[in-house]
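**Student:** This structure is in structure tokens; I'll ask about it shortly.
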Amino acid sequence: MKHYPFILFYLFCNVFIYSFHGTFWVYFFCFLGFIAILAWGSFDIELGYFVNSITHKRTKIKEVALTFDDGPTEFTPKYLDLLKENNVKATFFCIGKQVEKYPETFQRIIAEGHTIGNHTFSHSNATGFLSTSKMVEEIEKCDEVMLKVGNLKTDLYRPPFGVTNPNIAKAIKKTHKKSIGWKVRSLDTITEDEKKIYQKVTKGLKKGSIILLHDTSEKTYNVLVELLLFLEHEKFSTFTIENIFTTKRTKLLHNAHK
């Protein structure tokens, strides 16, 4: 993981500064820089600072992945209707508590061929401060609910808020999960203007991008309606996160038989 070499580099810098009799302020600003990089690495999942997360698919064709976090919710059936109408498969990163609350909707997501990912049991606001054992408990409890309600196991995991740190990295490794991030973040949970959300998603959309949305509001549903029209107009197809690994396995088998 990238943070271990960086810590060694930071310690080396301190020794170097000490050798040349650096002042208190030099140490202080060096420390601030260290903290800033740790914070940046924790909150920007695309950096892969603590965990190597998949943020896009390497592809030569125009295709993107639609992913939805925090469901299932009361709004999810409308999303499913729309996706079915447009013959589009998506990936849903579900919260265990929500699966318990809306079991029929969760079962429908599976039945209609969408991919499922683990998004912890409670999606706690304190996720970034939980111990490794608590994070493992959050992930495993969500797995248990999914197995009970949907008879499904998944090795896909998306960190709540995209937050990663050493404890979360250890929990992902212990639970044998693949960490999934995103290339396009809609910010649909904090932006009220549908046009701004739509513009953020569609601006500069690239081949293989993983798009982060939430099936938690009417607002995002309206954005999805327009987004599907945009993808059709721009001749973008869609893929699910599971497809990334299926494609990799197919290529490996193909190369092995050459």
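We label chains A, B, ... in the order they appear in the structure tokens, count residues from 1 in each chain, and number ligands from 1 in the order shown.
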Considering only helix (DSSP H, G or I) as DSSP defines it on the backbone, what residues of region 44-175 of chain A qualify? List them as a VMD selection string.
**Tutor:** chain A and resid 45 to 47 76 to 85 96 to 101 103 to 111 127 to 129 132 to 150 160 to 162 166 to 174
**Student:** Tell me, counting only C-alpha atoms, for each residue of region 159-209 of chain A within 9 Å of region 224-236 of chain A, which pair of atoms is nearest and how far apart they are in Å to one decimal, in rows ordered by chain and increasing number, as CSV.
**Tutor:**
residue,atom,partner,partner_atom,distance
A:Tyr198,CA,A:Leu227,CA,6.9
A:Val201,CA,A:Leu227,CA,8.2
A:Thr202,CA,A:Leu227,CA,7.6
A:Lys207,CA,A:Phe236,CA,8.3
**Student:** Could you tell me how far CA of Arg158 (chain A) lies from CA of Asn118 (chain A), in Å and to one decimal?
**Tutor:** 6.4 Å
**Student:** Extract, using only C-alpha atoms, all DNA, RNA and protein residues at most 12 Å from Glu63 (chain A), discarding same-chain residues fewer than 6 positions from it, and format them as a PDB file with C-alpha atoms, in the first residue's frame.
**Tutor:**
ATOM      1  CA  HIS A  56     -12.929   2.167 -14.303  1.00  0.00           C
ATOM      2  CA  LYS A  57     -12.794  -0.572 -16.894  1.00  0.00           C
ATOM      3  CA  VAL A  88     -29.951  -1.700 -18.918  1.00  0.00           C
ATOM      4  CA  LEU A 205     -17.626  11.072 -19.729  1.00  0.00           C
ATOM      5  CA  LYS A 206     -14.984   8.592 -20.885  1.00  0.00           C
ATOM      6  CA  LYS A 207     -14.908   4.995 -22.053  1.00  0.00           C
ATOM      7  CA  GLY A 208     -15.002   2.570 -19.127  1.00  0.00           C
ATOM      8  CA  SER A 209     -16.079   5.120 -16.502  1.00  0.00           C
ATOM      9  CA  ILE A 210     -17.808   3.867 -13.355  1.00  0.00           C
ATOM     10  CA  ILE A 211     -20.544   6.348 -12.422  1.00  0.00           C
ATOM     11  CA  LEU A 231     -26.042   7.490 -23.311  1.00  0.00           C
ATOM     12  CA  GLU A 232     -28.287   6.276 -26.107  1.00  0.00           C
ATOM     13  CA  GLU A 234     -23.924   9.231 -27.656  1.00  0.00           C
ATOM     14  CA  LYS A 235     -23.965   5.488 -28.410  1.00  0.00           C
ATOM     15  CA  PHE A 236     -22.663   4.420 -24.983  1.00  0.00           C
ATOM     16  CA  SER A 237     -23.483   0.886 -23.890  1.00  0.00           C
ATOM     17  CA  THR A 238     -23.396  -0.176 -20.223  1.00  0.00           C
ATOM     18  CA  PHE A 239     -21.630  -2.861 -18.217  1.00  0.00           C
ATOM     19  CA  THR A 240     -21.898  -4.114 -14.646  1.00  0.00           C
ATOM     20  CA  ILE A 241     -18.950  -4.293 -12.234  1.00  0.00           C
ATOM     21  CA  ASN A 243     -18.480  -7.859 -16.056  1.00  0.00           C
ATOM     22  CA  ILE A 244     -15.015  -6.378 -15.412  1.00  0.00           C
TER      23      ILE A 244
END
**Student:** Applying 9 Å and only C-alpha atoms, which residues near Lys153 (chain A) remain after dropping the ones on its own chain fewer than 2 positions away? List them as a VMD selection string.
**Tutor:** chain A and resid 116 to 117 143 to 144 146 to 147 150 to 151 155
**Student:** Mind dumping the selected residues with all heavy atoms as a PDB file, in the first residue's frame?
**Tutor:**
ATOM      1  N   ILE A 116     -24.900  -7.136  -7.526  1.00  0.00           N
ATOM      2  CA  ILE A 116     -25.010  -6.671  -6.137  1.00  0.00           C
ATOM      3  C   ILE A 116     -23.629  -6.513  -5.510  1.00  0.00           C
ATOM      4  O   ILE A 116     -22.733  -7.340  -5.714  1.00  0.00           O
ATOM      5  CB  ILE A 116     -25.825  -7.678  -5.288  1.00  0.00           C
ATOM      6  CG1 ILE A 116     -27.245  -7.828  -5.829  1.00  0.00           C
ATOM      7  CG2 ILE A 116     -25.833  -7.264  -3.816  1.00  0.00           C
ATOM      8  CD1 ILE A 116     -28.133  -6.625  -5.624  1.00  0.00           C
ATOM      9  N   GLY A 117     -23.474  -5.443  -4.714  1.00  0.00           N
ATOM     10  CA  GLY A 117     -22.251  -5.239  -3.958  1.00  0.00           C
ATOM     11  C   GLY A 117     -22.568  -4.928  -2.504  1.00  0.00           C
ATOM     12  O   GLY A 117     -23.672  -4.491  -2.178  1.00  0.00           O
ATOM     13  N   ASP A 143     -23.173  -9.190   4.570  1.00  0.00           N
ATOM     14  CA  ASP A 143     -23.119 -10.440   3.808  1.00  0.00           C
ATOM     15  C   ASP A 143     -24.168 -11.436   4.304  1.00  0.00           C
ATOM     16  O   ASP A 143     -24.840 -12.101   3.507  1.00  0.00           O
ATOM     17  CB  ASP A 143     -21.729 -11.079   3.943  1.00  0.00           C
ATOM     18  CG  ASP A 143     -20.714 -10.488   2.976  1.00  0.00           C
ATOM     19  OD1 ASP A 143     -21.128  -9.832   2.003  1.00  0.00           O
ATOM     20  OD2 ASP A 143     -19.508 -10.693   3.187  1.00  0.00           O
ATOM     21  N   GLU A 144     -24.290 -11.537   5.622  1.00  0.00           N
ATOM     22  CA  GLU A 144     -25.243 -12.478   6.219  1.00  0.00           C
ATOM     23  C   GLU A 144     -26.680 -12.140   5.831  1.00  0.00           C
ATOM     24  O   GLU A 144     -27.473 -13.033   5.511  1.00  0.00           O
ATOM     25  CB  GLU A 144     -25.096 -12.470   7.749  1.00  0.00           C
ATOM     26  CG  GLU A 144     -23.804 -13.101   8.248  1.00  0.00           C
ATOM     27  CD  GLU A 144     -23.558 -12.831   9.731  1.00  0.00           C
ATOM     28  OE1 GLU A 144     -24.489 -12.302  10.400  1.00  0.00           O
ATOM     29  OE2 GLU A 144     -22.454 -13.131  10.207  1.00  0.00           O
ATOM     30  N   MET A 146     -27.672 -10.406   3.169  1.00  0.00           N
ATOM     31  CA  MET A 146     -27.838 -10.658   1.740  1.00  0.00           C
ATOM     32  C   MET A 146     -28.034 -12.144   1.448  1.00  0.00           C
ATOM     33  O   MET A 146     -28.840 -12.515   0.587  1.00  0.00           O
ATOM     34  CB  MET A 146     -26.620 -10.126   0.971  1.00  0.00           C
ATOM     35  CG  MET A 146     -26.551  -8.620   0.896  1.00  0.00           C
ATOM     36  SD  MET A 146     -25.105  -8.094  -0.069  1.00  0.00           S
ATOM     37  CE  MET A 146     -25.411  -6.325  -0.157  1.00  0.00           C
ATOM     38  N   LEU A 147     -27.298 -12.974   2.160  1.00  0.00           N
ATOM     39  CA  LEU A 147     -27.426 -14.419   1.968  1.00  0.00           C
ATOM     40  C   LEU A 147     -28.790 -14.909   2.440  1.00  0.00           C
ATOM     41  O   LEU A 147     -29.431 -15.728   1.775  1.00  0.00           O
ATOM     42  CB  LEU A 147     -26.309 -15.146   2.738  1.00  0.00           C
ATOM     43  CG  LEU A 147     -26.221 -16.666   2.543  1.00  0.00           C
ATOM     44  CD1 LEU A 147     -25.994 -17.015   1.075  1.00  0.00           C
ATOM     45  CD2 LEU A 147     -25.114 -17.248   3.410  1.00  0.00           C
ATOM     46  N   GLY A 150     -31.543 -12.868  -0.004  1.00  0.00           N
ATOM     47  CA  GLY A 150     -31.438 -13.077  -1.453  1.00  0.00           C
ATOM     48  C   GLY A 150     -30.700 -14.319  -1.883  1.00  0.00           C
ATOM     49  O   GLY A 150     -30.513 -14.541  -3.082  1.00  0.00           O
ATOM     50  N   ASN A 151     -30.237 -15.114  -0.887  1.00  0.00           N
ATOM     51  CA  ASN A 151     -29.454 -16.313  -1.204  1.00  0.00           C
ATOM     52  C   ASN A 151     -28.303 -15.959  -2.143  1.00  0.00           C
ATOM     53  O   ASN A 151     -28.044 -16.633  -3.145  1.00  0.00           O
ATOM     54  CB  ASN A 151     -30.340 -17.394  -1.840  1.00  0.00           C
ATOM     55  CG  ASN A 151     -29.649 -18.750  -1.889  1.00  0.00           C
ATOM     56  OD1 ASN A 151     -28.816 -19.061  -1.036  1.00  0.00           O
ATOM     57  ND2 ASN A 151     -29.972 -19.548  -2.888  1.00  0.00           N
ATOM     58  N   ASP A 155     -18.452 -10.649  -3.689  1.00  0.00           N
ATOM     59  CA  ASP A 155     -17.110 -10.261  -3.250  1.00  0.00           C
ATOM     60  C   ASP A 155     -16.830  -8.804  -3.597  1.00  0.00           C
ATOM     61  O   ASP A 155     -15.713  -8.321  -3.459  1.00  0.00           O
ATOM     62  CB  ASP A 155     -16.042 -11.173  -3.860  1.00  0.00           C
ATOM     63  CG  ASP A 155     -16.037 -11.152  -5.385  1.00  0.00           C
ATOM     64  OD1 ASP A 155     -16.916 -10.500  -5.976  1.00  0.00           O
ATOM     65  OD2 ASP A 155     -15.148 -11.791  -5.977  1.00  0.00           O
TER      66      ASP A 155
END
**Student:** Which one of A:Thr76, A:Thr91, A:Gln98, A:Thr154 sits closest to Ser122 (chain A) if you count only C-alpha atoms?
**Tutor:**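 Under the stated criterion, the closest residue is A:Gln98.
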**Student:** Check the DSSP output for the backbone and give back, as a ChimeraX atom specification, the residues of region 17-203 of chain A in strand (DSSP E).
**Tutor:** /A:63-71,91-94,115-118,156-157,178-179,184-185
**Student:** Check the smallest atom-to-atom distance from each of A:Asn87, A:Thr164, A:Thr105, A:Ser186 to Thr127 (chain A) using only C-alpha atoms, then report the winner.
**Tutor:**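 Nearest candidate to Thr127 (chain A) out of A:Asn87, A:Thr164, A:Thr105, A:Ser186: A:Thr164.
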